[in-house]
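Single-structure report; data block below.
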Amino acid sequence: MSLDVSPALLQQAERGEEVDEVAFVDCVRTSLPYAWNMISTLVARLKVDGGDFADNTTPPPDEHARGQLLRALASDAIRRSLERHFGVRLAFQNCHRVAVFPLDAASDAPLGRFTSIRGQILNQSPELRDC
């Protein structure tokens, strides 16, 4: 299971109600703490340092942490909720290279380069082949 969903949140979804996104984001925060901390840290770094984007190039410490990143960023619902919560666009490469980009149009070109086929190929290394 990827998220530890509270009974109240589950009941909202089962009743067909619109699910409280703030509660959902909190569920993500508590269920996927490694992924949450990674994204939070990158958002803070982007705000402090500025620039086109902030990214992580350090592999997760273990497979559990790597799994959290994969679950957070492979799920459209989780990813989009995190983007709305933090006010950024997220990009992801190689099971650990998470990047956050500002929402403004000036980040379109850097985001396009990061998520391009060329960018993916240039981010390959033998150490990452089994991630």
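Just so we're on the same page: first chain in the structure tokens is A, next is B, and so on; residues restart at 1 for each chain, and ligands are numbered from 1 in the order they show up.
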
Closest contacts (stretch 55-91 of chain A/stretch 11-30 of chain A, max 10 Å, only C-alpha atoms) as a tab-separated table:
```
residue	atom	partner	partner_atom	distance
A:Gln68	CA	A:Val28	CA	9.9
A:Arg71	CA	A:Val28	CA	9.9
A:Ala72	CA	A:Val28	CA	7.9
A:Ala77	CA	A:Phe24	CA	9.7
A:Ile78	CA	A:Val28	CA	7.3
A:Arg79	CA	A:Val28	CA	9.9
A:Ser81	CA	A:Val25	CA	6.6
A:Leu82	CA	A:Val25	CA	6.9
A:Arg84	CA	A:Glu21	CA	9.7
A:His85	CA	A:Val25	CA	7.5
```

Write out the residues from the selection above, keeping C-alpha atoms, as a PDB file, in the first residue's frame.
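Below you can see result38.pdb, which holds the result:
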```pdb
ATOM      1  CA  GLN A  68       8.461   6.485  -1.700  1.00  0.00           C
ATOM      2  CA  ARG A  71       5.012   6.241  -5.505  1.00  0.00           C
ATOM      3  CA  ALA A  72       4.820  10.008  -5.019  1.00  0.00           C
ATOM      4  CA  ALA A  77      -3.075  12.395  -8.200  1.00  0.00           C
ATOM      5  CA  ILE A  78      -0.232  12.593  -5.673  1.00  0.00           C
ATOM      6  CA  ARG A  79       2.092  14.471  -7.989  1.00  0.00           C
ATOM      7  CA  SER A  81      -1.582  17.589  -5.388  1.00  0.00           C
ATOM      8  CA  LEU A  82       2.043  18.134  -4.360  1.00  0.00           C
ATOM      9  CA  ARG A  84      -0.534  22.564  -6.136  1.00  0.00           C
ATOM     10  CA  HIS A  85       0.434  22.443  -2.463  1.00  0.00           C
TER      11      HIS A  85
END
```

Practice task
From a DSSP pass on the backbone, collect the residues of stretch 35-113 of chain A flagged as strand (DSSP E) and hand them back as a PyMOL selection string.
Solution key: chain A and resi 54-55+88-93+97-102

Practice task
From a DSSP calculation on the backbone, collect every residue of stretch 16-108 of chain A in helix (DSSP H, G or I) and output the set as an MDAnalysis selection string.
Solution key: chainID A and resid 21:31 33:49 63:74 76:86 105:108

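Here atom CA of A:Asp108 and atom CA of A:Ala65 stand 29.0 Å from one another.
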
Exercise for the section: Within 10 Å of A:Phe92, counting only C-alpha atoms, which residues show up once you throw out same-chain ones fewer than 3 positions away? Write them as a PyMOL selection string, please. Expected result: chain A and resi 55-56+69-70+73-74+95-100+114-115+120

Emit the selected residues as a PDB file, in the first residue's frame, including N, CA and C atoms.
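Once everything was written out, this is result.pdb:
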```pdb
ATOM      1  N   ASP A  55      17.315  20.725  -7.827  1.00  0.00           N
ATOM      2  CA  ASP A  55      17.184  19.280  -8.005  1.00  0.00           C
ATOM      3  C   ASP A  55      18.052  18.518  -7.027  1.00  0.00           C
ATOM      4  N   ASN A  56      17.717  17.254  -6.890  1.00  0.00           N
ATOM      5  CA  ASN A  56      18.455  16.337  -6.051  1.00  0.00           C
ATOM      6  C   ASN A  56      19.216  15.363  -6.946  1.00  0.00           C
ATOM      7  N   LEU A  69       9.693   7.775  -3.353  1.00  0.00           N
ATOM      8  CA  LEU A  69       9.798   8.732  -4.469  1.00  0.00           C
ATOM      9  C   LEU A  69       9.017   8.237  -5.679  1.00  0.00           C
ATOM     10  N   LEU A  70       9.170   6.951  -5.976  1.00  0.00           N
ATOM     11  CA  LEU A  70       8.464   6.395  -7.125  1.00  0.00           C
ATOM     12  C   LEU A  70       6.955   6.498  -6.934  1.00  0.00           C
ATOM     13  N   LEU A  73       5.792  10.289  -7.220  1.00  0.00           N
ATOM     14  CA  LEU A  73       5.918  10.952  -8.511  1.00  0.00           C
ATOM     15  C   LEU A  73       5.307  10.168  -9.664  1.00  0.00           C
ATOM     16  N   ALA A  74       5.034   8.889  -9.463  1.00  0.00           N
ATOM     17  CA  ALA A  74       4.406   8.102 -10.524  1.00  0.00           C
ATOM     18  C   ALA A  74       2.883   8.198 -10.468  1.00  0.00           C
ATOM     19  N   CYS A  95      14.816   7.415 -10.927  1.00  0.00           N
ATOM     20  CA  CYS A  95      14.432   6.906  -9.604  1.00  0.00           C
ATOM     21  C   CYS A  95      14.888   7.759  -8.437  1.00  0.00           C
ATOM     22  N   HIS A  96      15.551   8.866  -8.686  1.00  0.00           N
ATOM     23  CA  HIS A  96      15.941   9.717  -7.556  1.00  0.00           C
ATOM     24  C   HIS A  96      16.137  11.175  -7.917  1.00  0.00           C
ATOM     25  N   ARG A  97      16.349  11.496  -9.141  1.00  0.00           N
ATOM     26  CA  ARG A  97      16.610  12.892  -9.484  1.00  0.00           C
ATOM     27  C   ARG A  97      15.293  13.649  -9.613  1.00  0.00           C
ATOM     28  N   VAL A  98      14.884  14.224  -8.512  1.00  0.00           N
ATOM     29  CA  VAL A  98      13.673  15.029  -8.451  1.00  0.00           C
ATOM     30  C   VAL A  98      14.083  16.480  -8.654  1.00  0.00           C
ATOM     31  N   ALA A  99      13.287  17.214  -9.415  1.00  0.00           N
ATOM     32  CA  ALA A  99      13.545  18.644  -9.601  1.00  0.00           C
ATOM     33  C   ALA A  99      12.245  19.405  -9.419  1.00  0.00           C
ATOM     34  N   VAL A 100      12.364  20.614  -8.875  1.00  0.00           N
ATOM     35  CA  VAL A 100      11.217  21.509  -8.739  1.00  0.00           C
ATOM     36  C   VAL A 100      11.486  22.751  -9.570  1.00  0.00           C
ATOM     37  N   PHE A 114      15.174  19.734 -19.101  1.00  0.00           N
ATOM     38  CA  PHE A 114      15.321  18.706 -18.064  1.00  0.00           C
ATOM     39  C   PHE A 114      14.550  17.439 -18.430  1.00  0.00           C
ATOM     40  N   THR A 115      13.348  17.608 -18.983  1.00  0.00           N
ATOM     41  CA  THR A 115      12.501  16.453 -19.273  1.00  0.00           C
ATOM     42  C   THR A 115      12.641  15.936 -20.709  1.00  0.00           C
ATOM     43  N   GLN A 120      17.387  13.199 -20.443  1.00  0.00           N
ATOM     44  CA  GLN A 120      17.341  11.859 -19.845  1.00  0.00           C
ATOM     45  C   GLN A 120      18.609  11.084 -20.176  1.00  0.00           C
TER      46      GLN A 120
END
```

Problem - Between atom CA of A:Asn94 and atom CA of A:Pro59 - distance in Å to one decimal - result: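 Between atom CA of A:Pro59 and atom CA of A:Asn94 the gap is 9.1 Å.
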
Problem - Polymer residues at most 9 Å from A:Arg45, only C-alpha atoms, same-chain spacing of 4 or more positions, as a ChimeraX atom specification - result: /A:40-41,49-50,54-55
